[in-house]
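Here is the file query.txt (compact mmCIF, C-alpha atoms).
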```txt
# COMPACT_ATOMS: atom_id res chain seq x y z
CA MET A 538 81.99 126.23 47.35
CA LYS A 539 78.86 124.96 45.62
CA LYS A 540 75.84 127.20 45.26
CA PHE A 541 73.78 124.91 47.51
CA ASP A 542 76.45 125.02 50.23
CA LYS A 543 76.57 128.80 50.03
CA GLU A 544 72.80 128.96 50.50
CA ARG A 545 73.02 126.69 53.54
CA VAL A 546 75.69 128.90 55.09
CA LEU A 547 73.64 132.00 54.32
CA LEU A 548 70.55 130.50 55.95
CA ALA A 549 72.55 129.43 59.01
CA VAL A 550 74.03 132.92 59.50
CA ALA A 551 70.96 134.97 58.57
CA GLY A 552 68.86 133.91 61.57
CA PRO A 553 71.27 134.96 64.34
CA VAL A 554 72.27 138.16 62.55
CA ILE A 555 68.66 139.24 62.06
CA ALA A 556 67.80 138.32 65.67
CA LEU A 557 70.69 140.36 67.10
CA ALA A 558 69.95 143.34 64.86
CA VAL A 559 66.27 143.36 65.82
CA ALA A 560 67.14 142.97 69.53
CA PHE A 561 69.55 145.93 69.40
CA VAL A 562 66.99 148.10 67.59
CA LEU A 563 64.16 147.21 69.98
CA SER A 564 66.43 147.82 72.99
CA ALA A 565 67.29 151.25 71.58
CA ILE A 566 63.58 151.99 71.17
CA VAL A 567 63.01 151.06 74.83
CA LEU A 568 65.79 153.47 75.85
CA VAL A 569 64.37 156.28 73.72
CA ALA A 570 60.90 155.68 75.17
CA SER A 571 62.34 156.06 78.67
CA GLY A 572 64.12 159.30 77.74
CA LYS A 573 67.60 157.78 77.63
CA ASN A 574 70.40 157.88 75.09
CA PRO A 575 69.90 154.82 72.84
CA VAL A 576 73.58 154.47 71.94
CA GLU A 577 75.64 155.26 75.04
CA PRO A 578 74.70 152.13 77.06
CA PHE A 579 75.94 149.84 74.30
CA ALA A 580 79.10 151.91 73.90
CA LEU A 581 79.76 151.59 77.63
CA MET A 582 79.29 147.82 77.57
CA PHE A 583 81.53 147.45 74.52
CA GLU A 584 84.15 149.49 76.33
CA GLN A 585 83.98 147.12 79.31
CA ALA A 586 84.78 144.18 77.05
CA GLY A 587 88.23 145.68 76.48
CA TYR A 588 89.29 145.30 80.12
CA SER A 589 91.18 142.12 80.99
CA ASP A 590 89.39 141.54 84.30
CA VAL A 591 85.99 141.76 82.62
CA GLN A 592 87.21 139.42 79.89
CA VAL A 593 88.09 136.82 82.55
CA LEU A 594 84.65 137.19 84.11
CA ILE A 595 83.01 136.80 80.70
CA LEU A 596 85.02 133.69 79.86
CA ASN A 597 84.28 132.06 83.22
CA GLN A 598 80.57 132.78 82.97
CA ALA A 599 80.44 131.68 79.34
CA SER A 600 81.89 128.26 80.24
CA MET A 601 78.87 127.49 82.43
CA TYR A 602 76.44 128.91 79.89
CA TYR A 603 78.06 126.83 77.16
CA ILE A 604 77.71 123.54 79.04
CA ALA A 605 74.07 124.27 79.90
CA ALA A 606 73.32 125.20 76.28
CA LEU A 607 74.90 121.97 75.02
CA ALA A 608 72.57 120.04 77.32
CA VAL A 609 69.58 121.88 75.86
CA ALA A 610 70.89 121.42 72.30
CA ILE A 611 71.05 117.64 72.67
CA GLY A 612 67.36 117.64 73.49
CA PHE A 613 66.58 119.97 70.59
CA ARG A 614 68.42 117.63 68.19
CA MET A 615 66.03 114.89 69.29
CA ASN A 616 63.05 117.27 69.04
CA LEU A 617 62.85 117.26 72.85
CA PHE A 618 62.50 120.37 75.00
CA ASN A 619 64.51 119.66 78.15
CA ILE A 620 63.41 122.69 80.15
CA GLY A 621 64.67 120.97 83.31
CA VAL A 622 68.35 121.74 82.77
CA ASP A 623 68.20 124.27 85.60
CA GLY A 624 67.12 121.69 88.17
CA GLN A 625 69.52 119.10 86.81
CA TYR A 626 72.55 121.37 87.04
CA GLN A 627 71.67 122.63 90.51
CA LEU A 628 71.19 119.14 91.90
CA GLY A 629 74.36 117.97 90.15
CA ALA A 630 76.37 120.80 91.71
CA MET A 631 74.89 120.27 95.15
CA MET A 632 75.51 116.52 95.19
CA ALA A 633 79.09 117.09 93.99
CA ALA A 634 79.55 119.66 96.79
CA ILE A 635 78.19 117.23 99.38
CA VAL A 636 80.44 114.42 98.21
CA GLY A 637 83.40 116.80 98.05
CA ALA A 638 82.80 117.90 101.63
CA HIS A 639 82.53 114.37 103.04
CA ALA A 640 84.96 112.36 100.89
CA ASN A 641 88.68 113.13 100.99
CA LEU A 642 90.51 111.07 98.40
CA PRO A 643 93.70 111.90 96.52
CA ALA A 644 93.13 114.53 93.84
CA PHE A 645 93.46 112.06 90.95
CA LEU A 646 90.50 110.14 92.43
CA GLN A 647 88.58 112.98 94.08
CA VAL A 648 88.09 115.11 90.96
CA PRO A 649 86.78 112.22 88.77
CA LEU A 650 84.49 111.22 91.66
CA LEU A 651 82.98 114.71 91.79
CA LEU A 652 82.57 114.85 88.01
CA LEU A 653 80.93 111.42 88.01
CA THR A 654 78.62 112.44 90.87
CA ALA A 655 77.41 115.49 88.94
CA VAL A 656 76.96 113.50 85.71
CA CYS A 657 75.00 110.70 87.39
CA THR A 658 72.81 113.12 89.35
CA GLY A 659 71.89 115.15 86.26
CA ALA A 660 71.27 112.02 84.18
CA PHE A 661 69.09 110.48 86.88
CA TRP A 662 66.96 113.62 87.25
CA ALA A 663 66.48 113.98 83.48
CA GLY A 664 65.93 110.23 83.16
CA ILE A 665 62.78 110.50 85.27
CA ALA A 666 61.22 112.71 82.61
CA GLY A 667 62.53 110.39 79.90
CA VAL A 668 60.98 107.32 81.49
CA LEU A 669 57.65 109.10 81.96
CA LYS A 670 57.65 110.09 78.29
CA VAL A 671 58.43 106.67 76.82
CA THR A 672 56.23 104.67 79.21
CA ARG A 673 53.28 106.98 79.84
CA GLY A 674 53.52 109.56 77.06
CA VAL A 675 53.98 112.44 79.52
CA SER A 676 55.31 115.58 77.81
CA GLU A 677 58.93 116.20 78.73
CA VAL A 678 58.10 119.91 79.06
CA VAL A 679 55.53 119.31 81.79
CA ALA A 680 57.64 116.66 83.51
CA THR A 681 60.83 118.73 83.59
CA ILE A 682 59.02 121.86 84.81
CA MET A 683 57.63 119.88 87.75
CA LEU A 684 61.01 118.28 88.37
CA ASN A 685 62.58 121.75 88.57
CA ALA A 686 60.19 122.62 91.39
CA ILE A 687 60.89 119.32 93.14
CA ALA A 688 64.64 119.86 92.77
CA THR A 689 64.35 123.26 94.48
CA SER A 690 62.47 121.73 97.40
CA LEU A 691 64.95 118.86 97.62
CA ILE A 692 67.86 121.31 97.76
CA VAL A 693 66.19 123.23 100.59
CA TYR A 694 65.70 119.95 102.46
CA MET A 695 69.35 118.91 102.04
CA TRP A 696 70.44 122.32 103.33
CA LYS A 697 68.93 121.50 106.74
CA PRO A 698 71.65 121.24 109.42
CA ASP A 699 70.48 117.76 110.42
CA VAL A 700 70.82 116.53 106.83
CA PHE A 701 73.83 117.88 104.88
CA GLY A 702 73.60 121.61 105.57
CA VAL A 703 76.12 123.75 107.41
CA LYS A 704 74.95 127.15 108.66
CA ILE A 705 77.44 130.02 108.26
CA GLY A 706 75.71 133.11 109.58
CA ASN A 707 72.49 133.49 107.62
CA ASN A 708 73.86 131.49 104.71
CA SER A 709 72.95 127.84 104.14
CA THR A 710 75.87 125.85 102.72
CA THR A 711 76.98 122.26 102.20
CA GLY A 712 80.26 122.95 104.00
CA GLU A 713 83.61 123.61 102.34
CA MET A 714 84.90 120.88 100.05
CA HIS A 715 88.24 119.21 100.69
CA GLU A 716 91.08 120.81 98.74
CA SER A 717 91.77 117.58 96.85
CA GLY A 718 88.61 118.34 94.88
CA TRP A 719 89.58 121.90 94.00
CA ILE A 720 90.66 122.50 90.42
CA PRO A 721 93.25 125.28 90.08
CA GLY A 722 92.67 127.86 87.40
CA ILE A 723 94.89 129.91 85.12
CA ASP A 724 96.20 132.83 87.16
CA LEU A 725 96.34 136.05 85.13
CA GLY A 726 97.49 138.26 87.97
CA ALA A 727 95.44 141.43 88.43
CA ALA A 728 92.99 140.29 85.74
CA GLY A 729 91.87 137.36 87.88
CA GLU A 730 91.81 133.62 87.36
CA ILE A 731 90.23 131.60 84.57
CA TYR A 732 88.42 128.53 85.85
CA GLY A 733 90.33 125.32 85.28
CA LEU A 734 87.17 123.60 84.04
CA VAL A 735 86.87 125.99 81.09
CA ILE A 736 88.75 123.23 79.31
CA LEU A 737 85.86 120.89 80.16
CA ALA A 738 83.49 123.10 78.18
CA VAL A 739 85.87 122.94 75.21
CA LEU A 740 86.12 119.15 75.40
CA LEU A 741 82.35 118.78 75.68
CA GLY A 742 81.87 120.96 72.61
CA ILE A 743 84.32 118.83 70.60
CA GLY A 744 82.70 115.63 71.85
CA TYR A 745 79.24 116.96 70.99
CA TRP A 746 80.29 117.64 67.39
CA VAL A 747 82.06 114.31 66.97
CA VAL A 748 79.21 112.25 68.40
CA LEU A 749 76.50 113.98 66.38
CA ASN A 750 78.34 114.16 63.07
CA ARG A 751 80.76 111.23 63.06
CA THR A 752 78.99 108.38 64.84
CA ARG A 753 76.06 106.07 64.12
CA PHE A 754 74.45 107.13 67.38
CA GLY A 755 74.55 110.78 66.33
CA PHE A 756 72.97 109.94 62.99
CA ASP A 757 70.22 107.94 64.71
CA LEU A 758 69.65 110.83 67.12
CA ARG A 759 69.28 113.39 64.36
CA ALA A 760 67.17 111.05 62.24
CA SER A 761 64.83 110.31 65.14
CA GLY A 762 64.48 114.02 65.84
CA SER A 763 63.61 114.75 62.21
CA SER A 764 61.12 111.89 61.81
CA SER A 765 60.58 109.20 64.41
CA SER A 766 58.48 107.12 62.03
CA ALA A 767 61.17 107.18 59.32
CA ALA A 768 63.84 106.33 61.90
CA ALA A 769 61.75 103.44 63.19
CA ALA A 770 61.34 102.14 59.64
CA SER A 771 65.15 102.03 59.34
CA GLY A 772 65.49 99.96 62.51
CA VAL A 773 65.95 102.68 65.16
CA ASP A 774 63.96 102.33 68.38
CA PRO A 775 62.41 105.81 68.93
CA LYS A 776 61.65 105.22 72.62
CA ARG A 777 65.20 104.10 73.31
CA MET A 778 66.53 107.19 71.55
CA VAL A 779 64.24 109.48 73.57
CA LEU A 780 65.40 107.99 76.84
CA THR A 781 69.05 108.02 75.78
CA ALA A 782 68.84 111.66 74.66
CA MET A 783 67.27 112.72 77.95
CA LEU A 784 69.90 110.85 79.96
CA LEU A 785 72.72 112.39 77.93
CA SER A 786 71.20 115.86 78.15
CA GLY A 787 70.85 115.55 81.91
CA ALA A 788 74.37 114.19 82.30
CA ILE A 789 75.87 117.24 80.60
CA ALA A 790 73.52 119.56 82.49
CA GLY A 791 74.85 118.16 85.75
CA LEU A 792 78.30 119.50 84.85
CA ALA A 793 77.18 123.09 84.18
CA GLY A 794 77.80 124.33 87.72
CA LEU A 795 81.13 122.61 88.28
CA PRO A 796 83.44 125.29 86.80
CA ILE A 797 82.51 127.72 89.58
CA LEU A 798 82.02 125.03 92.24
CA LEU A 799 85.44 123.41 91.83
CA GLY A 800 87.22 126.56 90.74
CA ASP A 801 85.92 129.27 93.06
CA SER A 802 83.11 128.76 95.60
CA HIS A 803 84.09 125.24 96.81
CA THR A 804 80.65 124.95 98.40
CA TYR A 805 77.02 125.06 97.37
CA ASN A 806 75.26 127.91 99.15
CA LEU A 807 72.53 130.52 98.76
CA ASN A 808 74.85 132.63 96.58
CA PHE A 809 75.38 129.86 94.02
CA PRO A 810 74.25 131.08 90.56
CA THR A 811 70.76 130.03 89.51
CA GLY A 812 68.85 130.28 86.26
CA ILE A 813 71.74 129.07 84.10
CA GLY A 814 69.62 126.24 82.74
CA PHE A 815 66.93 128.63 81.52
CA LEU A 816 69.50 130.93 79.93
CA GLY A 817 70.93 127.88 78.17
CA ILE A 818 67.69 127.59 76.21
CA GLY A 819 68.10 131.02 74.63
CA ILE A 820 71.81 130.43 74.03
CA ALA A 821 71.15 127.11 72.29
CA LEU A 822 68.48 128.74 70.12
CA LEU A 823 70.73 131.62 69.15
CA GLY A 824 73.61 129.24 68.41
CA ARG A 825 71.33 127.03 66.29
CA ASN A 826 72.43 123.98 68.31
CA SER A 827 75.86 124.21 66.68
CA PRO A 828 78.90 123.80 68.97
CA VAL A 829 80.58 126.80 67.34
CA GLY A 830 77.43 128.92 67.23
CA ILE A 831 76.78 128.23 70.91
CA VAL A 832 80.30 129.51 71.73
CA PHE A 833 79.50 132.95 70.33
CA ALA A 834 76.03 132.96 71.88
CA ALA A 835 77.43 132.04 75.31
CA LEU A 836 80.07 134.77 75.08
CA LEU A 837 77.40 137.29 74.06
CA TRP A 838 75.19 136.35 77.02
CA ALA A 839 78.14 136.47 79.42
CA TRP A 840 79.18 139.87 78.03
CA LEU A 841 75.68 141.26 78.63
CA ASP A 842 75.81 139.95 82.22
CA LYS A 843 79.28 141.12 83.16
CA ALA A 844 79.44 144.43 81.28
CA SER A 845 76.00 145.73 82.31
CA PRO A 846 76.86 146.60 85.99
CA GLU A 847 78.90 149.53 84.66
CA LEU A 848 75.66 151.14 83.47
CA ASP A 849 74.64 151.87 87.07
CA PHE A 850 77.53 154.34 87.37
CA HIS A 851 76.33 156.34 84.36
CA GLY A 852 72.65 156.76 85.18
CA TYR A 853 71.40 153.76 83.22
CA ASP A 854 69.61 150.71 84.57
CA LYS A 855 71.69 147.56 84.16
CA GLU A 856 68.42 145.70 83.57
CA ILE A 857 68.67 146.86 79.96
CA ALA A 858 70.89 143.79 79.48
CA VAL A 859 68.12 141.54 80.79
CA ILE A 860 65.64 143.24 78.45
CA MET A 861 68.01 142.67 75.57
CA GLN A 862 68.42 138.97 76.43
CA GLY A 863 64.66 138.55 76.38
CA LEU A 864 64.39 140.42 73.10
CA ILE A 865 67.10 138.22 71.59
CA VAL A 866 65.15 135.06 72.47
CA LEU A 867 61.95 136.54 71.02
CA SER A 868 63.76 137.75 67.90
CA VAL A 869 65.45 134.38 67.44
CA VAL A 870 62.14 132.54 67.29
CA VAL A 871 60.63 135.01 64.83
CA SER A 872 63.71 135.41 62.62
CA TYR A 873 64.41 131.66 62.38
CA GLU A 874 60.86 131.02 61.25
CA ALA A 875 61.12 133.83 58.69
CA VAL A 876 64.46 132.49 57.41
CA ARG A 877 63.06 128.95 57.26
CA GLU A 878 60.09 130.11 55.17
CA TRP A 879 62.43 132.06 52.91
CA GLY A 880 64.64 128.99 52.46
CA LEU A 881 61.65 126.78 51.63
CA ARG A 882 60.46 129.26 48.99
CA ARG A 883 63.93 129.36 47.42
CA GLN A 884 64.03 125.57 47.31
CA GLN A 885 60.59 125.44 45.73
CA ARG A 886 61.60 127.97 43.08
CA ARG A 887 64.82 126.07 42.37
CA VAL A 888 62.99 122.75 42.03
CA GLY A 889 60.39 124.39 39.81
CA ALA A 890 63.12 125.84 37.58
CA GLU A 891 64.86 122.47 37.34
CA LEU A 892 61.61 120.72 36.43
CA ALA A 893 60.86 123.37 33.81
CA ALA A 894 64.35 123.04 32.37
CA GLY A 895 63.97 119.25 32.25
CA HIS A 896 60.63 119.60 30.46
CA VAL A 897 62.12 121.94 27.86
CA LEU A 898 65.11 119.61 27.37
CA GLY A 899 62.77 116.65 26.94
CA ALA A 900 60.74 118.55 24.36
CA ASP A 901 63.90 119.49 22.43
CA ASN A 902 65.04 115.85 22.41
CA ASN A 903 61.68 114.72 21.03
CA THR A 904 61.86 117.35 18.29
CA THR A 905 65.36 116.19 17.36
CA LYS A 906 64.20 112.57 17.12
CA GLU A 907 61.28 113.57 14.86
CA VAL A 908 63.57 115.49 12.53
CA ALA A 909 66.04 112.61 12.41
CA GLY A 910 63.20 110.19 11.62
CA ARG A 911 62.16 112.25 8.65
```
Could the structure of this file be written out as structure tokens, please?
Amino acid sequence: MKKFDKERVLLAVAGPVIALAVAFVLSAIVLVASGKNPVEPFALMFEQAGYSDVQVLILNQASMYYIAALAVAIGFRMNLFNIGVDGQYQLGAMMAAIVGAHANLPAFLQVPLLLLTAVCTGAFWAGIAGVLKVTRGVSEVVATIMLNAIATSLIVYMWKPDVFGVKIGNNSTTGEMHESGWIPGIDLGAAGEIYGLVILAVLLGIGYWVVLNRTRFGFDLRASGSSSSAAAASGVDPKRMVLTAMLLSGAIAGLAGLPILLGDSHTYNLNFPTGIGFLGIGIALLGRNSPVGIVFAALLWAWLDKASPELDFHGYDKEIAVIMQGLIVLSVVVSYEAVREWGLRRQQRRVGAELAAGHVLGADNNTTKEVAGR
């Protein structure tokens, strides 16, 4: 491997490693400050990761986190901050649940219909922010934050019994979906069942890598994110790329809730997981927008979620996992900036050394020519 490639790998790995180390240390300091053992909680959570039933829970949760993080990463690649993934995935899941409860087609038609419903809903909701940005210059951050609030209100409206809602006790639901839309999982016996749509997360990760690194569209996307003016000079329409990136980000976000919807709950109700879109931001940052890096980040986040309940049985607050997630996000931002500055300084020193070497070589050549002339 070339020296330059080694440096790139080092820079790519250094950020996450530093962030995780700092987060663990700061979490330990919080535990010490509260009079708790700073090591035992982590040992307990690591122990939980060895149980097969917890592993299934982690994998299932990570599949949803992974899809949400991919949606965020697409925006990041275009230098866009799609903070509306949470609203897009919730609306996508709800609309798929509504369609699944009212349409009853054969499974080979029903499942694609539900997937398409979620994709179109997420793309439409993100597209609103995209259109506002390219036509009126509205920041996608502001637009998507407002759209999240609107999505929440829209969901509450659709839960009304005279719209699409079905009351079951005190729980508002969209009614149970027809079985033709259920996706069977991988039964592991006492360990539980892995969601069937875990494979969807894998396919999306592969597609994300292929599109970004092996297609002209992916090159245009990355080029536009790096410098819109330079991309425009090469014939790329920056506004079209912004809108396309937002639509694609929203489309993937719409799928984030489907693993649990089609594999377990089969309805959208008050117990449906929320906040996945916001967690996807931290996961995408920790994974450096890389499909492989996001895998490890999603598994880490899911492990913190599913292993932390054990802490309650040993006198520790499970919220330590939430604290650690927040510290990871904070550490990621700081460490990546520090690593970036370090990388720039190394590049500057290397360029300076090469220029100095070239100057010395040029001087030696001139001396040789003078001697030869004499």
Selection near region 826-843 of chain A, 8 Å with all atoms listed in the file, sequence-local residues under 5 positions removed, as a PyMOL selection string: chain A and resi 582+586+591+594-596+598-600+602-603+606-607+610-611+613-614+742-743+745-746+820-821+858-859+862
Draw an axis-aligned box tight on the listed atoms of region 650-668 of chain A, then pad every side by 8 Å and write out centre and edge lengths in Å to one decimal as AutoDock Vina command-line options.
```
--center_x 72.7 --center_y 111.4 --center_z 85.8 --size_x 39.5 --size_y 24.2 --size_z 27.9
```
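Among A:Tyr873, A:Ala556, A:Val779, A:Asp854, the residue with the shortest atom-to-atom distance to Val671 (chain A), counting only C-alpha atoms, is A:Val779.
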Skip region 696-713 of chain A itself and residues of its chain fewer than 4 positions away, then list as a ChimeraX atom specification all residues within 10 Å of it, counting only C-alpha atoms. /A:631-639,690-692,802-809
Tell me, counting all atoms listed in the file, for each residue of region 596-711 of chain A within 7 Å of region 716-737 of chain A, which pair of atoms is nearest and how far apart they are in Å to one decimal, in rows ordered by chain and increasing number, as JSON lines.
```
{"residue": "A:Asn597", "atom": "CA", "partner": "A:Tyr732", "partner_atom": "CA", "distance": 6.0}
{"residue": "A:Ser600", "atom": "CA", "partner": "A:Val735", "partner_atom": "CA", "distance": 5.5}
{"residue": "A:Gly637", "atom": "CA", "partner": "A:Gly718", "partner_atom": "CA", "distance": 6.3}
{"residue": "A:Asn641", "atom": "CA", "partner": "A:Ser717", "partner_atom": "CA", "distance": 6.8}
{"residue": "A:Leu642", "atom": "CA", "partner": "A:Ser717", "partner_atom": "CA", "distance": 6.8}
{"residue": "A:Pro643", "atom": "CA", "partner": "A:Ser717", "partner_atom": "CA", "distance": 6.0}
{"residue": "A:Ala644", "atom": "CA", "partner": "A:Ser717", "partner_atom": "CA", "distance": 4.5}
{"residue": "A:Gln647", "atom": "CA", "partner": "A:Gly718", "partner_atom": "CA", "distance": 5.4}
{"residue": "A:Val648", "atom": "CA", "partner": "A:Gly718", "partner_atom": "CA", "distance": 5.1}
```
Could you tell me how far CA of Gly824 (chain A) sits from CA of Val554 (chain A), in Å to one decimal place?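 About the pair CA of Val554 (chain A) and CA of Gly824 (chain A): they are 10.8 Å apart.
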Considering only C-alpha atoms, state which residue in the set A:Ala790, A:Val773, A:Met601, A:Val576 is at the smallest distance from Arg753 (chain A). A:Val773
For a quick check of understanding, using all atoms listed in the file, which of A:Trp879, A:Ala788, A:Pro796, A:Ala686 has the smallest distance to Ala608 (chain A)? A:Ala788
Would you pick out the contacts of Tyr588 (chain A) at 10 Å or less, using only C-alpha atoms, so that residues sharing its chain but fewer than 5 positions from it are not included, and give the list as a ChimeraX atom specification? /A:583,593,728,844
From the list A:Arg759, A:Lys855, A:Lys573, A:Arg886, the nearest residue to Leu617 (chain A) using all atoms listed in the file is A:Arg759
Distance in Å - CA of Gly800 (chain A) versus CA of Phe815 (chain A):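 Between these atoms lies a distance of 22.4 Å.
Computed from the coordinates, the CA of Asn750 (chain A) to CA of Leu669 (chain A) distance equals 28.5 Å.
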Just so I have it separately, write region 813-868 of chain A from the block I sent, keeping C-alpha atoms, as an mmCIF file, in the first residue's frame.
```
data_model
loop_
_atom_site.group_PDB
_atom_site.id
_atom_site.type_symbol
_atom_site.label_atom_id
_atom_site.label_comp_id
_atom_site.auth_asym_id
_atom_site.auth_seq_id
_atom_site.Cartn_x
_atom_site.Cartn_y
_atom_site.Cartn_z
ATOM 1 C CA ILE A 813 -34.646 7.007 14.646
ATOM 2 C CA GLY A 814 -34.093 9.794 12.141
ATOM 3 C CA PHE A 815 -32.277 11.952 14.688
ATOM 4 C CA LEU A 816 -30.129 9.028 15.824
ATOM 5 C CA GLY A 817 -29.255 8.440 12.174
ATOM 6 C CA ILE A 818 -27.440 11.783 12.155
ATOM 7 C CA GLY A 819 -24.996 10.706 14.859
ATOM 8 C CA ILE A 820 -24.579 7.275 13.277
ATOM 9 C CA ALA A 821 -23.791 8.768 9.870
ATOM 10 C CA LEU A 822 -21.271 11.135 11.453
ATOM 11 C CA LEU A 823 -19.556 8.354 13.375
ATOM 12 C CA GLY A 824 -19.480 6.141 10.280
ATOM 13 C CA ARG A 825 -18.034 8.995 8.191
ATOM 14 C CA ASN A 826 -20.794 8.484 5.598
ATOM 15 C CA SER A 827 -19.161 5.203 4.590
ATOM 16 C CA PRO A 828 -21.481 2.195 4.093
ATOM 17 C CA VAL A 829 -19.100 -0.013 6.078
ATOM 18 C CA GLY A 830 -18.427 2.581 8.773
ATOM 19 C CA ILE A 831 -22.157 3.133 9.239
ATOM 20 C CA VAL A 832 -22.606 -0.628 9.826
ATOM 21 C CA PHE A 833 -20.339 -0.538 12.876
ATOM 22 C CA ALA A 834 -21.828 2.733 14.099
ATOM 23 C CA ALA A 835 -25.383 1.364 13.802
ATOM 24 C CA LEU A 836 -24.419 -1.805 15.683
ATOM 25 C CA LEU A 837 -22.767 0.288 18.401
ATOM 26 C CA TRP A 838 -25.871 2.460 18.814
ATOM 27 C CA ALA A 839 -28.154 -0.586 18.861
ATOM 28 C CA TRP A 840 -25.901 -2.274 21.441
ATOM 29 C CA LEU A 841 -26.107 0.772 23.715
ATOM 30 C CA ASP A 842 -29.913 0.715 23.389
ATOM 31 C CA LYS A 843 -30.506 -2.985 23.921
ATOM 32 C CA ALA A 844 -27.808 -3.761 26.492
ATOM 33 C CA SER A 845 -28.456 -0.781 28.782
ATOM 34 C CA PRO A 846 -31.762 -2.039 30.353
ATOM 35 C CA GLU A 847 -29.691 -4.608 32.277
ATOM 36 C CA LEU A 848 -28.118 -1.739 34.233
ATOM 37 C CA ASP A 849 -31.389 -1.144 36.092
ATOM 38 C CA PHE A 850 -31.020 -4.527 37.812
ATOM 39 C CA HIS A 851 -27.583 -3.622 39.182
ATOM 40 C CA GLY A 852 -28.256 -0.190 40.643
ATOM 41 C CA TYR A 853 -27.179 1.828 37.618
ATOM 42 C CA ASP A 854 -29.295 4.162 35.536
ATOM 43 C CA LYS A 855 -29.743 2.883 31.992
ATOM 44 C CA GLU A 856 -29.674 6.520 30.861
ATOM 45 C CA ILE A 857 -25.883 6.244 30.948
ATOM 46 C CA ALA A 858 -26.246 4.807 27.430
ATOM 47 C CA VAL A 859 -28.111 7.927 26.308
ATOM 48 C CA ILE A 860 -25.398 10.101 27.872
ATOM 49 C CA MET A 861 -22.785 8.105 26.031
ATOM 50 C CA GLN A 862 -24.604 8.485 22.699
ATOM 51 C CA GLY A 863 -24.667 12.238 23.175
ATOM 52 C CA LEU A 864 -21.003 12.286 24.127
ATOM 53 C CA ILE A 865 -20.145 10.242 21.037
ATOM 54 C CA VAL A 866 -21.830 12.796 18.770
ATOM 55 C CA LEU A 867 -20.041 15.670 20.523
ATOM 56 C CA SER A 868 -16.711 13.833 20.426
#
```
